[in-house]
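*Asks:* There's a structure below that I have some questions on.
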Amino acid sequence: MSAEPIASTQTRPWRDPKRYAWLLGLLIPTLPFLSWGLVHATGLGVFWFYGPMLVFLIFPPLDLALGMDRRNPPDSVIKWLEQDRYYRWCTYVYLPIQYAGLVFACWLWSHGNLSGVDKLGLALTVAMVSGIAINTAHELGHKRASIERWLSRVALAQSGYGHFFIEHNRGHHVRVATPEDPASARLGESFYAFLPRTVIGSLRSAWHLEQVRLRRLEKSPWSLHNDILGAWAMTVVLYAALVAGFGLVVLPYLLIQAVIGFSLLEVVNYLEHYGLLRRQADDGRYERTRPEHSWNSNSVASNVLLYHLQRHSDHHANPIRRYQALRHVHDAPQLPTGYAGMIVLAVIPPIWRRVMDHRVLAHYNGELDRANLKPGLRRRTLERYRIAA
């Protein structure tokens with residue numbers, strides 16, 4: 001492992017204050033084991049629900065208590081940070097723990113003498129692992145190394161969301177913060193309206209992108225050359241092996257954790273670009289993606305949990321930059337708290353609108369026509385905020 005870097009422009013050596021904190025991200029894939037341990041230590045079955053309790057009840061106040069960290073690494077150490085393999089192993093190790101937890105959960109579902117409620121609680125806990133594994137896949141999938149891109153697909157197999165690898169990199173990052181992007185939420189659009197639109201739209205987009213790629217290679221989309229079919233095959237093989245090993249009883253819970261897992265991804269997509277819009281030129285082309293087209297958060301707790309995903313503004317401006325080097329951008333629109341708290345707000349639309357809509361307004365200086373508005377709600381939205389605008 002490399003030694004800590006020294007910034008040549010500073011009189012003191014620079015050390016990454018979060019260097020070992022990133023290991024805390026590995027707490028998430030251990031959730032099935034932690035739930036089992038807490039249940040047996042306390043005798044309380046409620047701890048089968050420990051996963052959602054941790055993410056939605058513990059982390060929101062923890063974000064508020066620990067506050068924000070706007071510090072950036074100096075430019076002189078960015079290259080070192082990018083090359084230090086320690087940070088890569090912090091993400092690599094997530095995967096074996098993730099699948100060990102899944103196998104353990106299957107054993108509990110089939111042989112653990114759990115009640116129906118206990119099994120559901122465990123499924124929701126496993127879903128937290130599955131959903132956050134998509135974030136790990138997101139970090140790995142943006143990299144040039146073929147091994148990391150392959151590991152990204154492995155991480156996605158548990159949620160059955162392998163097409164995310166295609167759509168996110170080649171679709172979302174091209175169309176982000178435009179009406180054409182199914183993963184960019186519009187001002188006035190609730191999460192419950194956004195969810196089916198993004199799930200269906202992202203799937204269609206991924207399939208179209210693969211068709212175009214394979215057409216150039218003169219290959220059929222219905223072949224092993226199709227990366228979407230290959231990713232889905234991983235899920236089929238995984239589920240088939242688990243059913244063969246533990247019985248058909250595990251299948252409903254595998255499906256529950258998959259649906260909740262990818263829904264966790266999509267609620268994060270919902271909040272990351274809500275109401276933000278890139279300007280379109282007369283020739284139909286959109287302006288270059290800049291930090292101002294993504295909501296940013298520097299909440300310490302959630303950022304450590306999610307490998308700096310909340311520094312989303314810098315991520316979209318520099319997609320291949322590794323998580324440890326992502327920077328706070330002063331001019332980017334800022335979320336009031338971390339993703340854990342924002343997810344809780346997103347599932348309660350009246351509270352979400354009260355918290356977020358005026359922030360979209362402020363970002364565009366009251367000019368709602370500059371925002372990404374939900375079609376059909378334009379007039380009503382304009383009237384609602386006429387005074388504020």
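We label chains A, B, ... in the order they appear in the structure tokens, count residues from 1 in each chain, and number ligands from 1 in the order shown.
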Write out as an MDAnalysis selection string each polymer residue whose atoms come within 12 Å of Trp352 of chain A, counting only C-alpha atoms; drop sequence neighbours fewer than 5 positions from it.

*Replies:* chainID A and resid 187:191 270:271 274 335:336 341:347 357:360

*Asks:* Please report, as a list in words, each residue of segment 40-69 of chain A to which DSSP assigns alpha helix (DSSP H) when run on this structure's backbone.

*Replies:*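 Those in segment 40-69 of chain A that DSSP calls alpha helix (DSSP H) are His40, Ala41, Thr42, Tyr50, Gly51, Pro52, Met53, Phe59, Pro60, Pro61, Leu62, Asp63, Leu64, Ala65 and Leu66 of chain A.
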
*Asks:* Within 8 Å of Gly67 of chain A, counting only C-alpha atoms, which residues show up once you throw out same-chain ones fewer than 4 positions away? Write them as a VMD selection string, please.

*Replies:* chain A and resid 63 299 to 300

*Asks:* Take the residues from that selection and write them out as a PDB file, in the first residue's frame, keeping N, CA and C atoms.

*Replies:*
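Listing of selection_29.pdb after writing:
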ATOM      1  N   ASP A  63     -26.558  12.252   9.857  1.00  0.00           N
ATOM      2  CA  ASP A  63     -26.105  13.269   8.910  1.00  0.00           C
ATOM      3  C   ASP A  63     -26.233  14.667   9.499  1.00  0.00           C
ATOM      4  N   SER A 299     -22.931  15.874   3.223  1.00  0.00           N
ATOM      5  CA  SER A 299     -23.211  15.236   4.509  1.00  0.00           C
ATOM      6  C   SER A 299     -22.241  14.079   4.735  1.00  0.00           C
ATOM      7  N   VAL A 300     -21.546  14.125   5.851  1.00  0.00           N
ATOM      8  CA  VAL A 300     -20.426  13.214   6.081  1.00  0.00           C
ATOM      9  C   VAL A 300     -20.866  11.755   6.154  1.00  0.00           C
TER      10      VAL A 300
END

*Asks:* To one decimal in Å, tell me the separation between atom CA of Phe164 of chain A and atom CA of Glu148 of chain A.

*Replies:*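 Atom CA of Glu148 of chain A lies 15.0 Å from atom CA of Phe164 of chain A.
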
*Asks:* I'd like a table as a Markdown table: residues in segment 101-141 of chain A with an atom no more than 9 Å from segment 248-251 of chain A, each row giving the shortest atom pair and its distance in Å to one decimal, only C-alpha atoms counted, sorted by chain and rising residue number.

*Replies:*
| residue | atom | partner | partner_atom | distance |
| --- | --- | --- | --- | --- |
| A:Ala105 | CA | A:Val250 | CA | 8.9 |
| A:Cys106 | CA | A:Val250 | CA | 6.0 |
| A:Trp107 | CA | A:Val250 | CA | 8.6 |
| A:Trp109 | CA | A:Val250 | CA | 6.1 |
| A:Ser110 | CA | A:Val249 | CA | 6.3 |

*Asks:* Could you take the residues named above and write them with C-alpha atoms, as a PDB file, in the first residue's frame?

*Replies:*
ATOM      1  CA  ALA A 105     -30.218 -14.846   4.219  1.00  0.00           C
ATOM      2  CA  CYS A 106     -31.364 -17.676   1.960  1.00  0.00           C
ATOM      3  CA  TRP A 107     -30.375 -20.172   4.623  1.00  0.00           C
ATOM      4  CA  TRP A 109     -35.424 -17.994   4.925  1.00  0.00           C
ATOM      5  CA  SER A 110     -35.350 -21.731   4.333  1.00  0.00           C
TER       6      SER A 110
END

*Asks:* Could you check which of A:Phe246, A:Leu124, A:Ile228, A:Leu140 is closest to Leu264 of chain A, using only C-alpha atoms?

*Replies:*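 The closest residue to Leu264 of chain A is A:Leu124.
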
*Asks:* Neighbouring residues of segment 16-28 of chain A were defined as those with any atom within 10 Å, considering only C-alpha atoms; residues of the same chain fewer than 5 positions away were excluded. Please report them as a PyMOL selection string.

*Replies:* chain A and resi 4-5+34+51+54-55+71-73+77+81+86-87+89-95+97-98+101+125-126+128-130+132-133+136+300-308+324-325

*Asks:* With only C-alpha atoms as the basis for distance, which of A:Asp227, A:Asp75, A:Asp69, A:Asp84 is at the shortest distance from Arg149 of chain A?

*Replies:*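 Among the listed residues, the smallest separation from Arg149 of chain A belongs to A:Asp227.
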
*Asks:* Please measure the separation of atom CA of Arg85 of chain A and atom CA of Arg153 of chain A, giving the value in Å to one decimal.

*Replies:*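 A separation of 20.2 Å between them.
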